[in-house]
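J.: For reference, the file upload10.cif (mmCIF, C-alpha atoms) is included below:
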```cif
data_final
#
loop_
_atom_site.label_atom_id
_atom_site.label_comp_id
_atom_site.auth_asym_id
_atom_site.auth_seq_id
_atom_site.Cartn_x
_atom_site.Cartn_y
_atom_site.Cartn_z
CA MET A 31 -70.48 212.97 158.79
CA GLU A 32 -72.33 209.86 159.90
CA GLY A 33 -75.41 209.80 162.05
CA LYS A 34 -78.63 211.76 161.70
CA TYR A 35 -78.86 213.89 158.59
CA PRO A 36 -80.85 217.06 158.14
CA VAL A 37 -82.40 215.79 154.91
CA SER A 38 -85.81 217.19 154.01
CA SER A 39 -88.77 215.24 152.66
CA ARG A 40 -88.22 216.94 149.30
CA GLN A 41 -84.65 215.71 149.21
CA VAL A 42 -85.82 212.16 149.95
CA LEU A 43 -88.26 212.54 147.04
CA ALA A 44 -85.45 213.73 144.76
CA LEU A 45 -83.14 210.95 145.89
CA ILE A 46 -85.73 208.25 145.19
CA ALA A 47 -86.73 209.76 141.84
CA MET A 48 -83.11 210.04 140.69
CA PHE A 49 -82.39 206.52 141.91
CA ILE A 50 -85.32 205.09 139.95
CA LEU A 51 -84.36 207.06 136.85
CA GLY A 52 -80.67 206.07 137.25
CA THR A 53 -79.92 203.35 134.73
CA SER A 54 -83.53 203.10 133.54
CA LEU A 55 -83.02 206.30 131.58
CA LEU A 56 -80.35 204.53 129.57
CA PHE A 57 -82.23 201.41 128.60
CA SER A 58 -85.75 201.24 127.39
CA LEU A 59 -87.75 199.53 130.11
CA GLY A 60 -89.97 196.79 128.73
CA GLN A 61 -88.05 196.86 125.47
CA GLU A 62 -89.19 193.34 124.59
CA LEU A 63 -92.78 194.66 124.43
CA GLY A 64 -91.92 197.16 121.70
CA ARG A 65 -94.79 199.62 121.30
CA HIS A 66 -96.44 198.26 124.45
CA SER A 67 -93.53 198.99 126.78
CA TRP A 68 -95.60 201.65 128.59
CA LEU A 69 -97.95 198.84 129.70
CA GLY A 70 -95.00 196.99 131.19
CA ILE A 71 -93.97 200.09 133.15
CA ILE A 72 -97.48 200.55 134.54
CA THR A 73 -97.70 196.84 135.47
CA GLY A 74 -94.31 197.02 137.19
CA PHE A 75 -95.30 200.12 139.12
CA ILE A 76 -98.62 198.61 140.27
CA ALA A 77 -96.71 195.58 141.56
CA PHE A 78 -94.25 197.93 143.24
CA LEU A 79 -97.06 199.50 145.27
CA PHE A 80 -97.29 196.20 147.13
CA LEU A 81 -93.52 196.28 147.76
CA PHE A 82 -93.82 199.89 148.89
CA TRP A 83 -96.51 198.93 151.37
CA LEU A 84 -94.25 196.11 152.63
CA TYR A 85 -91.26 198.45 153.07
CA TYR A 86 -93.44 201.07 154.77
CA PHE A 87 -94.85 198.45 157.15
CA LEU A 88 -91.31 197.34 158.03
CA LEU A 89 -90.19 200.93 158.61
CA LYS A 90 -93.18 201.56 160.83
CA LEU A 91 -92.67 198.36 162.79
CA GLU A 92 -89.12 199.30 163.89
CA PRO A 93 -88.58 202.98 163.07
CA GLY A 94 -85.03 203.45 164.38
CA LYS A 95 -83.46 200.40 162.73
CA SER A 96 -81.79 199.83 159.40
CA LEU A 97 -82.36 196.83 157.15
CA PHE A 98 -79.28 195.15 158.64
CA GLY A 99 -80.44 195.77 162.20
CA LEU A 100 -83.88 194.42 161.35
CA ASN A 101 -82.41 191.23 159.90
CA GLU A 102 -80.37 190.67 163.05
CA GLN A 103 -83.40 191.29 165.22
CA ALA A 104 -85.58 188.95 163.20
CA PHE A 105 -83.19 186.05 162.66
CA GLY A 106 -80.74 186.41 165.54
CA ARG A 107 -77.08 187.40 165.38
CA GLY A 108 -75.75 184.37 163.43
CA LEU A 109 -78.34 183.92 160.69
CA GLY A 110 -78.96 187.68 160.59
CA THR A 111 -75.29 188.30 159.79
CA VAL A 112 -75.34 185.67 157.03
CA ILE A 113 -78.41 187.32 155.49
CA ASN A 114 -76.77 190.74 155.82
CA LEU A 115 -73.68 189.47 154.03
CA TRP A 116 -75.93 188.27 151.19
CA TYR A 117 -77.43 191.73 151.03
CA LEU A 118 -73.94 193.21 150.80
CA ILE A 119 -73.17 190.89 147.88
CA TYR A 120 -76.36 192.07 146.19
CA PHE A 121 -75.44 195.73 146.74
CA PHE A 122 -71.95 195.07 145.42
CA VAL A 123 -73.23 193.31 142.28
CA LEU A 124 -75.72 196.12 141.72
CA LEU A 125 -73.03 198.77 142.10
CA SER A 126 -70.65 196.99 139.73
CA VAL A 127 -73.40 196.57 137.13
CA VAL A 128 -74.51 200.22 137.40
CA VAL A 129 -70.94 201.49 137.00
CA GLY A 130 -70.34 198.99 134.17
CA ASN A 131 -73.50 200.10 132.33
CA PHE A 132 -72.57 203.75 132.50
CA VAL A 133 -69.05 203.17 131.36
CA ASP A 134 -70.40 201.08 128.45
CA PHE A 135 -72.72 203.91 127.50
CA ILE A 136 -70.05 206.63 127.67
CA ASN A 137 -67.58 204.41 125.84
CA SER A 138 -69.94 203.53 123.02
CA VAL A 139 -71.54 206.92 122.29
CA ILE A 140 -69.51 209.78 123.77
CA LEU A 141 -65.87 208.95 124.47
CA ILE A 142 -65.35 206.14 122.01
CA GLN A 143 -61.55 206.26 121.91
CA THR A 144 -61.03 206.52 125.68
CA PRO A 145 -59.92 203.30 127.41
CA GLU A 146 -62.80 201.79 129.38
CA ILE A 147 -60.75 201.28 132.53
CA LEU A 148 -60.01 205.02 132.76
CA LEU A 149 -63.73 205.87 132.61
CA THR A 150 -64.45 203.22 135.26
CA ILE A 151 -61.76 204.65 137.54
CA PHE A 152 -62.99 208.24 137.23
CA LEU A 153 -66.67 207.36 137.67
CA THR A 154 -65.98 205.22 140.73
CA LEU A 155 -63.60 207.71 142.32
CA THR A 156 -66.07 210.59 141.97
CA ALA A 157 -68.72 208.37 143.56
CA ALA A 158 -66.25 207.50 146.32
CA TYR A 159 -65.70 211.21 146.96
CA ALA A 160 -69.45 211.79 147.37
CA VAL A 161 -69.75 208.79 149.68
CA LYS A 162 -66.92 210.17 151.84
CA LYS A 163 -68.81 213.48 152.05
CA GLY A 164 -71.93 211.71 153.31
CA LEU A 165 -75.57 211.30 152.43
CA GLU A 166 -76.44 214.97 152.80
CA SER A 167 -74.31 215.97 149.83
CA ILE A 168 -75.82 213.19 147.68
CA ALA A 169 -79.33 214.34 148.65
CA ARG A 170 -78.54 217.97 147.82
CA LEU A 171 -77.15 217.00 144.44
CA SER A 172 -80.27 214.94 143.70
CA GLU A 173 -82.52 217.87 144.60
CA ILE A 174 -80.94 220.00 141.87
CA MET A 175 -80.56 217.23 139.34
CA VAL A 176 -84.09 215.84 139.55
CA PHE A 177 -85.39 219.20 138.41
CA CYS A 178 -82.98 219.21 135.44
CA VAL A 179 -83.87 215.65 134.44
CA PHE A 180 -87.60 216.31 134.74
CA THR A 181 -87.44 219.55 132.72
CA THR A 182 -85.20 218.03 130.05
CA ALA A 183 -87.55 215.06 129.60
CA ILE A 184 -90.50 217.42 129.02
CA VAL A 185 -88.62 219.95 126.83
CA VAL A 186 -87.04 217.26 124.66
CA THR A 187 -90.45 215.65 124.17
CA LEU A 188 -91.86 219.01 123.07
CA LEU A 189 -88.95 219.55 120.67
CA LEU A 190 -89.67 216.17 119.09
CA PHE A 191 -93.27 217.08 118.48
CA ASP A 192 -92.95 217.15 114.68
CA LYS A 193 -91.42 213.65 114.66
CA ILE A 194 -94.26 212.12 116.66
CA ASP A 195 -96.40 209.62 114.78
CA THR A 196 -99.40 208.54 116.85
CA THR A 197 -100.05 205.53 114.58
CA ASN A 198 -96.94 204.01 116.16
CA PHE A 199 -99.09 203.24 119.21
CA TRP A 200 -101.53 201.04 117.28
CA PRO A 201 -102.66 198.41 118.11
CA LEU A 202 -103.04 199.80 121.59
CA TRP A 203 -103.50 196.45 123.36
CA PRO A 204 -101.03 193.60 123.02
CA GLN A 205 -101.95 190.04 122.03
CA ASN A 206 -99.50 188.47 124.43
CA TRP A 207 -100.46 189.52 127.96
CA ALA A 208 -98.14 186.92 129.46
CA LEU A 209 -95.21 188.86 128.02
CA VAL A 210 -96.58 192.07 129.57
CA LEU A 211 -96.67 190.38 132.98
CA ARG A 212 -93.18 188.96 132.51
CA SER A 213 -91.92 192.38 131.51
CA GLY A 214 -93.77 193.93 134.47
CA PHE A 215 -91.89 191.50 136.72
CA SER A 216 -88.56 192.62 135.21
CA ILE A 217 -89.50 196.27 135.70
CA LEU A 218 -90.59 195.58 139.27
CA THR A 219 -87.11 194.31 140.10
CA PHE A 220 -85.34 196.93 137.98
CA PRO A 221 -85.65 199.77 138.88
CA PHE A 222 -88.53 199.91 141.39
CA GLY A 223 -87.59 197.03 143.69
CA GLU A 224 -84.01 198.26 143.90
CA THR A 225 -85.31 200.94 146.27
CA VAL A 226 -84.94 198.21 148.92
CA ILE A 227 -81.45 199.62 149.48
CA PHE A 228 -83.07 202.71 151.00
CA LEU A 229 -84.19 200.56 153.92
CA SER A 230 -80.57 200.64 155.02
CA ILE A 231 -80.47 204.46 154.85
CA PHE A 232 -83.92 205.67 155.88
CA TYR A 233 -83.37 205.26 159.61
CA GLN A 234 -80.87 208.14 159.42
CA LEU A 235 -83.33 210.49 157.78
CA GLY A 236 -86.15 210.69 160.28
CA GLY A 237 -89.47 209.06 161.13
CA PRO A 238 -91.31 206.67 158.79
CA GLN A 239 -94.03 209.24 158.08
CA LYS A 240 -91.62 211.83 156.69
CA VAL A 241 -89.54 209.30 154.80
CA SER A 242 -92.44 207.34 153.31
CA LYS A 243 -94.02 210.50 151.93
CA GLY A 244 -90.82 211.31 150.04
CA PHE A 245 -90.44 207.65 149.09
CA PHE A 246 -93.92 207.43 147.58
CA TRP A 247 -93.89 210.73 145.70
CA GLY A 248 -90.34 210.11 144.53
CA SER A 249 -91.50 206.83 142.98
CA VAL A 250 -94.44 208.63 141.37
CA VAL A 251 -92.13 211.27 139.85
CA GLY A 252 -89.81 208.48 138.69
CA VAL A 253 -92.55 206.47 137.01
CA PHE A 254 -94.02 209.61 135.44
CA VAL A 255 -90.71 210.55 133.79
CA LEU A 256 -90.17 206.93 132.70
CA LEU A 257 -93.64 206.86 131.13
CA VAL A 258 -93.08 210.19 129.33
CA ILE A 259 -89.78 208.89 127.94
CA ALA A 260 -91.26 205.50 126.95
CA LEU A 261 -94.27 207.09 125.20
CA ARG A 262 -92.00 209.58 123.42
CA ASN A 263 -89.67 206.83 122.24
CA ILE A 264 -92.57 204.76 120.93
CA ALA A 265 -94.16 207.78 119.22
CA VAL A 266 -90.89 208.71 117.52
CA LEU A 267 -89.21 205.37 116.84
CA GLY A 268 -92.19 203.02 116.65
CA GLU A 269 -91.30 199.32 116.69
CA PHE A 270 -87.60 200.23 116.34
CA VAL A 271 -87.47 200.72 120.15
CA LYS A 272 -87.22 196.93 120.32
CA PHE A 273 -83.92 196.89 118.48
CA SER A 274 -82.20 200.03 119.69
CA THR A 275 -79.59 199.74 122.44
CA TYR A 276 -80.28 203.24 123.78
CA PRO A 277 -83.74 204.21 122.43
CA ALA A 278 -84.02 207.52 124.29
CA TYR A 279 -80.66 208.59 122.92
CA ASP A 280 -81.62 207.52 119.39
CA SER A 281 -84.92 209.41 119.48
CA VAL A 282 -83.36 212.62 120.81
CA ARG A 283 -80.79 212.53 118.02
CA LEU A 284 -83.64 213.25 115.61
CA ILE A 285 -84.27 216.74 117.04
CA ASN A 286 -83.77 219.28 114.31
CA ILE A 287 -85.51 222.64 114.68
CA ALA A 288 -84.74 224.76 111.61
CA ARG A 289 -81.24 223.26 111.50
CA PHE A 290 -80.50 225.41 114.53
CA ILE A 291 -81.38 223.29 117.53
CA THR A 292 -79.66 219.96 116.89
CA ARG A 293 -77.44 217.46 118.72
CA ALA A 294 -79.63 217.61 121.81
CA GLU A 295 -78.36 214.13 122.70
CA VAL A 296 -75.46 215.80 124.49
CA VAL A 297 -77.89 217.23 127.06
CA ILE A 298 -79.53 213.84 127.41
CA SER A 299 -76.16 212.17 127.94
CA LEU A 300 -75.38 214.59 130.75
CA ASN A 301 -78.73 213.76 132.33
CA TYR A 302 -77.97 210.06 132.08
CA MET A 303 -74.65 210.57 133.75
CA PHE A 304 -76.04 212.60 136.62
CA ALA A 305 -78.85 210.12 137.27
CA GLY A 306 -76.45 207.20 137.07
CA TYR A 307 -74.02 208.96 139.34
CA VAL A 308 -76.69 209.48 142.00
CA LYS A 309 -77.71 205.83 141.74
CA ALA A 310 -74.16 204.53 141.93
CA THR A 311 -73.41 206.81 144.87
CA THR A 312 -76.51 205.76 146.80
CA VAL A 313 -75.77 202.05 146.35
CA TYR A 314 -72.13 202.66 147.24
CA TYR A 315 -73.17 204.51 150.39
CA SER A 316 -75.51 201.69 151.46
CA LEU A 317 -72.75 199.16 150.87
CA CYS A 318 -70.38 201.11 153.13
CA LEU A 319 -73.08 201.53 155.79
CA GLY A 320 -73.82 197.82 155.65
CA LEU A 321 -70.17 196.90 156.18
CA LYS A 322 -69.98 199.39 159.02
CA GLU A 323 -73.01 197.89 160.76
CA ILE A 324 -72.16 194.24 160.25
CA PHE A 325 -68.62 194.57 161.55
CA ARG A 326 -69.65 197.00 164.30
CA LEU A 327 -67.31 199.76 163.08
CA LYS A 328 -67.39 203.36 164.26
CA THR A 329 -67.04 204.82 160.80
CA TYR A 330 -67.08 203.63 157.18
CA GLN A 331 -64.70 206.33 155.93
CA HIS A 332 -61.67 204.03 155.66
CA LEU A 333 -63.57 201.40 153.70
CA VAL A 334 -64.52 203.70 150.82
CA LEU A 335 -61.31 203.45 148.78
CA PRO A 336 -60.66 199.69 149.08
CA ILE A 337 -64.29 199.12 148.02
CA ALA A 338 -63.72 201.49 145.09
CA ALA A 339 -60.80 199.35 143.95
CA LEU A 340 -62.95 196.20 144.07
CA VAL A 341 -65.81 197.94 142.24
CA ILE A 342 -63.48 199.18 139.50
CA LEU A 343 -62.16 195.67 138.90
CA ASN A 344 -65.62 194.06 138.94
CA ALA A 345 -67.24 196.72 136.78
CA HIS A 346 -64.42 196.47 134.27
CA LEU A 347 -64.71 192.70 134.04
CA SER A 348 -68.49 192.43 134.46
CA PHE A 349 -69.82 191.95 130.92
CA SER A 350 -67.83 191.94 127.74
CA THR A 351 -70.70 192.54 125.29
CA ASN A 352 -73.97 194.41 125.36
CA VAL A 353 -75.80 191.17 124.51
CA GLN A 354 -74.49 189.72 127.73
CA ASN A 355 -75.63 192.81 129.59
CA VAL A 356 -79.17 192.54 128.17
CA PHE A 357 -79.27 188.81 128.98
CA PHE A 358 -78.29 189.59 132.55
CA ALA A 359 -80.87 192.39 132.83
CA PHE A 360 -83.84 190.40 131.54
CA GLU A 361 -83.12 186.71 132.16
CA VAL A 362 -80.95 186.68 135.26
CA TYR A 363 -81.25 189.83 137.33
CA PRO A 364 -85.02 189.69 138.12
CA PHE A 365 -84.71 186.18 139.56
CA PHE A 366 -81.64 187.13 141.57
CA ALA A 367 -82.96 190.47 142.82
CA ILE A 368 -86.43 189.31 143.83
CA ILE A 369 -84.85 187.25 146.64
CA PHE A 370 -83.58 190.45 148.28
CA GLN A 371 -86.39 192.77 147.29
CA LEU A 372 -89.34 190.58 148.27
CA ILE A 373 -88.62 187.12 149.67
CA LEU A 374 -86.11 188.05 152.39
CA ILE A 375 -88.04 191.21 153.28
CA LEU A 376 -91.22 189.18 153.66
CA ALA A 377 -89.39 186.62 155.79
CA THR A 378 -87.97 189.38 158.02
CA LEU A 379 -91.40 190.95 158.40
CA ILE A 380 -93.06 187.64 159.31
CA MET A 381 -90.32 186.80 161.83
CA LEU A 382 -90.59 190.23 163.46
CA LEU A 383 -94.37 189.95 163.71
CA ILE A 384 -94.11 186.47 165.23
CA LYS A 385 -91.52 187.70 167.74
CA LYS A 386 -93.73 190.65 168.66
CA GLN A 387 -96.75 188.39 169.15
CA LEU A 388 -94.76 185.96 171.30
CA GLY A 389 -93.42 188.87 173.35
CA ARG A 390 -96.96 190.09 174.00
CA ARG A 391 -98.26 186.66 175.02
CA ARG A 392 -95.39 185.98 177.43
CA PRO A 393 -96.80 186.49 180.95
CA THR A 394 -95.18 189.23 182.97
CA ILE A 395 -94.35 188.52 186.60
CA MET B 158 -45.42 197.64 133.77
CA THR B 159 -49.10 196.88 134.56
CA TYR B 160 -48.07 195.12 137.77
CA ILE B 161 -46.11 198.20 138.83
CA SER B 162 -49.14 200.44 138.07
CA ILE B 163 -51.46 198.19 140.09
CA ILE B 164 -49.11 198.17 143.07
CA SER B 165 -48.63 201.95 142.86
CA ILE B 166 -52.41 202.54 142.74
CA PHE B 167 -52.93 200.39 145.82
CA LEU B 168 -49.99 202.06 147.51
CA GLY B 169 -51.66 205.40 146.76
CA ILE B 170 -54.92 204.19 148.32
CA PHE B 171 -53.04 203.03 151.40
CA LEU B 172 -51.17 206.32 151.73
CA ILE B 173 -54.46 208.27 151.53
CA ASP B 174 -56.03 206.11 154.24
CA TYR B 175 -52.95 205.69 156.44
CA PRO B 176 -53.24 208.92 158.53
CA GLY B 177 -56.88 208.13 159.38
CA LEU B 178 -56.11 204.51 160.21
CA LYS B 179 -53.19 205.53 162.42
CA LYS B 180 -55.39 207.86 164.46
CA ASP B 181 -58.13 205.26 164.78
CA LYS B 182 -57.96 203.05 167.87
CA ASP B 183 -60.54 200.55 166.60
CA LEU B 184 -58.83 197.25 165.76
CA ASN B 185 -61.95 195.93 164.00
CA GLU B 186 -61.70 198.72 161.49
CA LYS B 187 -58.09 197.94 160.71
CA ILE B 188 -58.87 194.25 160.23
CA VAL B 189 -61.79 194.93 157.84
CA TYR B 190 -59.67 197.46 155.98
CA GLY B 191 -56.81 194.98 155.73
CA ILE B 192 -59.07 192.24 154.40
CA LEU B 193 -60.70 194.48 151.77
CA PHE B 194 -57.37 195.93 150.76
CA SER B 195 -55.63 192.57 150.35
CA VAL B 196 -58.61 191.04 148.51
CA GLY B 197 -58.54 194.00 146.12
CA LEU B 198 -54.81 193.80 145.55
CA ALA B 199 -54.81 190.01 145.11
CA TYR B 200 -57.79 190.18 142.74
CA ALA B 201 -56.11 192.86 140.63
CA LEU B 202 -52.87 190.88 140.40
CA LEU B 203 -54.70 187.64 139.58
CA ILE B 204 -56.73 189.35 136.84
CA ASN B 205 -53.60 190.79 135.34
CA SER B 206 -51.83 187.46 135.38
CA GLY B 207 -54.80 185.86 133.61
CA LEU B 208 -55.54 183.39 136.42
CA VAL B 209 -58.90 185.02 137.18
CA LYS B 210 -61.24 186.09 134.42
CA ASN B 211 -64.59 186.35 136.18
CA SER B 212 -66.29 189.11 138.10
CA LEU B 213 -68.94 188.77 140.79
CA PRO B 214 -71.77 189.82 138.40
CA TYR B 215 -70.59 187.13 135.97
CA LEU B 216 -70.62 184.50 138.73
CA VAL B 217 -74.18 185.55 139.58
CA LEU B 218 -75.06 185.22 135.89
CA GLN B 219 -73.65 181.69 135.82
CA ALA B 220 -75.32 180.65 139.08
CA VAL B 221 -78.79 181.96 138.19
CA SER B 222 -78.57 180.51 134.66
CA PHE B 223 -77.67 177.15 136.18
CA PHE B 224 -80.57 177.19 138.64
CA ARG B 225 -83.03 178.36 135.98
CA GLY B 226 -81.76 175.73 133.58
CA ILE B 227 -81.06 178.23 130.82
CA LYS B 228 -77.99 178.21 128.65
CA ILE B 229 -75.70 181.18 128.51
CA PRO B 230 -75.51 181.99 124.80
CA PRO B 231 -72.16 181.04 123.26
CA ALA B 232 -71.53 184.63 122.17
CA PHE B 233 -70.59 185.32 125.78
CA HIS B 234 -67.40 183.32 125.70
#
```
So, in terms of structure tokens, how does the structure I just supplied come out?

T.:
Amino acid sequence: MEGKYPVSSRQVLALIAMFILGTSLLFSLGQELGRHSWLGIITGFIAFLFLFWLYYFLLKLEPGKSLFGLNEQAFGRGLGTVINLWYLIYFFVLLSVVVGNFVDFINSVILIQTPEILLTIFLTLTAAYAVKKGLESIARLSEIMVFCVFTTAIVVTLLLFDKIDTTNFWPLWPQNWALVLRSGFSILTFPFGETVIFLSIFYQLGGPQKVSKGFFWGSVVGVFVLLVIALRNIAVLGEFVKFSTYPAYDSVRLINIARFITRAEVVISLNYMFAGYVKATTVYYSLCLGLKEIFRLKTYQHLVLPIAALVILNAHLSFSTNVQNVFFAFEVYPFFAIIFQLILILATLIMLLIKKQLGRRRPTI
Amino acid sequence: MTYISIISIFLGIFLIDYPGLKKDKDLNEKIVYGILFSVGLAYALLINSGLVKNSLPYLVLQAVSFFRGIKIPPAFH
């Protein structure tokens, strides 16, 4: 189940798109910008193009190596392992937060009476099952689900057509551009920059050309759906998007076609869960692969369940209130994540280039 | 009762993994498994006894807030 996977370029696209949509479907990206959140998304995506170029360059430089292998090659065995362990901590925190967010969502809008710990256990165990089955099954699931998420986003927007008020967009340009840039930075790190975890998977999927094509178009599909959802939320809810915990959910609740088509939020919730599931599973898989590589193991299969136990405990304890969650997402996470998404990647790239140059200059006897 | 449930869950995990681990000749794998398993079990027991209240994401929150010089709002406690 581990090794090279027959995953197509389209499946890579679906995997990336679902990963980007993951938790971002739940929260309104750039919420602090209110009616200008779409500008934040565009700013974040433009900044991500630089990150994409960086990741692509790294993939092209050493095609057969994972992120962990690259770190060891760039910094040597000792420092490389330390950096890899930091990456594992990042993956673990990300996984716990993703699981925690989804459990919070399910517990506050769908299964209100169900104990949170039970939801955490079931979500994590289903993710563990997918991880045991391997990347191929996750990619296949994403291929089906990305189509559902994409279609639902468009159909729901069309169903909300009578609730759309275009004056909600005015004034079109914000007065505080610094806030747009700050929000763009947040959006760069969540969700676009989180695609750094794919650097630990891509080497299994084929050459950089094939993978980067899926990577790029997957990001484009992701940002397109995010923009459609953001614009729809603004058009329907106006400035209220700033104050809603789950704006997409709140806007979809307003669908009422001749008192016949109502309660469409159930469909949306299912979409959220599928996207979140794919994201959690992908991060979980990378975490297992990382442990396997760092400790030079033959397989990661035995590590899946003990990691699940740790994730359940951390996700359950992570944040007690939604305020805390929002504080983490906007004030803490970007500054923590940028170290792994940009700074360390840049350092690895520079070290590899220096090593390559020195290797070329060394005279051969 | 909660302690018994925690121990039974971890026992369940071990019983699921045991056949695979027994077949495996790699000592490294057993060591990593052992470490992860005991950390998980100890963490669960410590949380239940009230000695540990923090998660890794919360520690990250505290560390980054400290380095950025921002206060964690009192509503968090």

J.: What does the PyMOL selection byres ((chain B) within 10 of (chain A)) select in this file, as an MDAnalysis selection string?

T.: chainID B and resid 166:167 170:171 173:175 177:178 181 183:198 200:201 204 210:222 224:225 227 229:230 232:234

J.: Could you save the residues just selected, with C-alpha atoms, as a PDB file, in the coordinates of the input?

T.:
```pdb
ATOM      1  CA  ILE B 166     -52.410 202.540 142.740  1.00  0.00           C
ATOM      2  CA  PHE B 167     -52.930 200.390 145.820  1.00  0.00           C
ATOM      3  CA  ILE B 170     -54.920 204.190 148.320  1.00  0.00           C
ATOM      4  CA  PHE B 171     -53.040 203.030 151.400  1.00  0.00           C
ATOM      5  CA  ILE B 173     -54.460 208.270 151.530  1.00  0.00           C
ATOM      6  CA  ASP B 174     -56.030 206.110 154.240  1.00  0.00           C
ATOM      7  CA  TYR B 175     -52.950 205.690 156.440  1.00  0.00           C
ATOM      8  CA  GLY B 177     -56.880 208.130 159.380  1.00  0.00           C
ATOM      9  CA  LEU B 178     -56.110 204.510 160.210  1.00  0.00           C
ATOM     10  CA  ASP B 181     -58.130 205.260 164.780  1.00  0.00           C
ATOM     11  CA  ASP B 183     -60.540 200.550 166.600  1.00  0.00           C
ATOM     12  CA  LEU B 184     -58.830 197.250 165.760  1.00  0.00           C
ATOM     13  CA  ASN B 185     -61.950 195.930 164.000  1.00  0.00           C
ATOM     14  CA  GLU B 186     -61.700 198.720 161.490  1.00  0.00           C
ATOM     15  CA  LYS B 187     -58.090 197.940 160.710  1.00  0.00           C
ATOM     16  CA  ILE B 188     -58.870 194.250 160.230  1.00  0.00           C
ATOM     17  CA  VAL B 189     -61.790 194.930 157.840  1.00  0.00           C
ATOM     18  CA  TYR B 190     -59.670 197.460 155.980  1.00  0.00           C
ATOM     19  CA  GLY B 191     -56.810 194.980 155.730  1.00  0.00           C
ATOM     20  CA  ILE B 192     -59.070 192.240 154.400  1.00  0.00           C
ATOM     21  CA  LEU B 193     -60.700 194.480 151.770  1.00  0.00           C
ATOM     22  CA  PHE B 194     -57.370 195.930 150.760  1.00  0.00           C
ATOM     23  CA  SER B 195     -55.630 192.570 150.350  1.00  0.00           C
ATOM     24  CA  VAL B 196     -58.610 191.040 148.510  1.00  0.00           C
ATOM     25  CA  GLY B 197     -58.540 194.000 146.120  1.00  0.00           C
ATOM     26  CA  LEU B 198     -54.810 193.800 145.550  1.00  0.00           C
ATOM     27  CA  TYR B 200     -57.790 190.180 142.740  1.00  0.00           C
ATOM     28  CA  ALA B 201     -56.110 192.860 140.630  1.00  0.00           C
ATOM     29  CA  ILE B 204     -56.730 189.350 136.840  1.00  0.00           C
ATOM     30  CA  LYS B 210     -61.240 186.090 134.420  1.00  0.00           C
ATOM     31  CA  ASN B 211     -64.590 186.350 136.180  1.00  0.00           C
ATOM     32  CA  SER B 212     -66.290 189.110 138.100  1.00  0.00           C
ATOM     33  CA  LEU B 213     -68.940 188.770 140.790  1.00  0.00           C
ATOM     34  CA  PRO B 214     -71.770 189.820 138.400  1.00  0.00           C
ATOM     35  CA  TYR B 215     -70.590 187.130 135.970  1.00  0.00           C
ATOM     36  CA  LEU B 216     -70.620 184.500 138.730  1.00  0.00           C
ATOM     37  CA  VAL B 217     -74.180 185.550 139.580  1.00  0.00           C
ATOM     38  CA  LEU B 218     -75.060 185.220 135.890  1.00  0.00           C
ATOM     39  CA  GLN B 219     -73.650 181.690 135.820  1.00  0.00           C
ATOM     40  CA  ALA B 220     -75.320 180.650 139.080  1.00  0.00           C
ATOM     41  CA  VAL B 221     -78.790 181.960 138.190  1.00  0.00           C
ATOM     42  CA  SER B 222     -78.570 180.510 134.660  1.00  0.00           C
ATOM     43  CA  PHE B 224     -80.570 177.190 138.640  1.00  0.00           C
ATOM     44  CA  ARG B 225     -83.030 178.360 135.980  1.00  0.00           C
ATOM     45  CA  ILE B 227     -81.060 178.230 130.820  1.00  0.00           C
ATOM     46  CA  ILE B 229     -75.700 181.180 128.510  1.00  0.00           C
ATOM     47  CA  PRO B 230     -75.510 181.990 124.800  1.00  0.00           C
ATOM     48  CA  ALA B 232     -71.530 184.630 122.170  1.00  0.00           C
ATOM     49  CA  PHE B 233     -70.590 185.320 125.780  1.00  0.00           C
ATOM     50  CA  HIS B 234     -67.400 183.320 125.700  1.00  0.00           C
TER      51      HIS B 234
END
```

J.: Name the residues in contact with A:Leu84 at a cut-off of 9 Å, using all atoms listed in the file, excluding same-chain residues fewer than 4 positions from it; report them as a ChimeraX atom specification.

T.: /A:79-80,88-89,372,375-376,379

J.: Using the chain letters and numbers from the file, which residues does the PyMOL selection byres ((chain A and resi 146) around 8) grab, as a list in words?

T.: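 Selected by the PyMOL selection byres ((chain A and resi 146) around 8) in this file: Val133, Asp134, Asn137, Thr144, Pro145, Ile147, Leu148, Leu149, Thr150 and His346 of chain A.
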
J.: Mind dumping a table of every stretch 124-226 of chain A residue within 9 Å of stretch 241-254 of chain A, with the nearest atom pair and its distance in Å to one decimal, using only C-alpha atoms, sorted by chain and rising number, as a tab-separated table?

T.:
```
residue	atom	partner	partner_atom	distance
A:Phe180	CA	A:Val251	CA	8.5
A:Phe222	CA	A:Ser249	CA	7.7
A:Thr225	CA	A:Phe245	CA	8.9
```

J.: Can you give me, as number ranges by chain, the residues this file yields under the PyMOL selection byres ((chain A and resi 231) around 12)?

T.: A: 32-35, 37, 42, 45-46, 89, 93-99, 164-166, 169, 225-230, 232-238, 241, 245, 312-320, 323

J.: Could you work out how far atom CA of A:Val129 lies from atom CA of A:Thr154, giving the answer in Å with one decimal?

T.: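 We find that atom CA of A:Thr154 and atom CA of A:Val129 lie 7.2 Å from each other.
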
J.: Contacts of stretch 285-298 of chain A at 12 Å or less, counting only C-alpha atoms, minus same-chain residues fewer than 2 places along, as a PyMOL selection string?

T.: chain A and resi 55-56+136+139-141+178-194+259+266+276-283+300-305
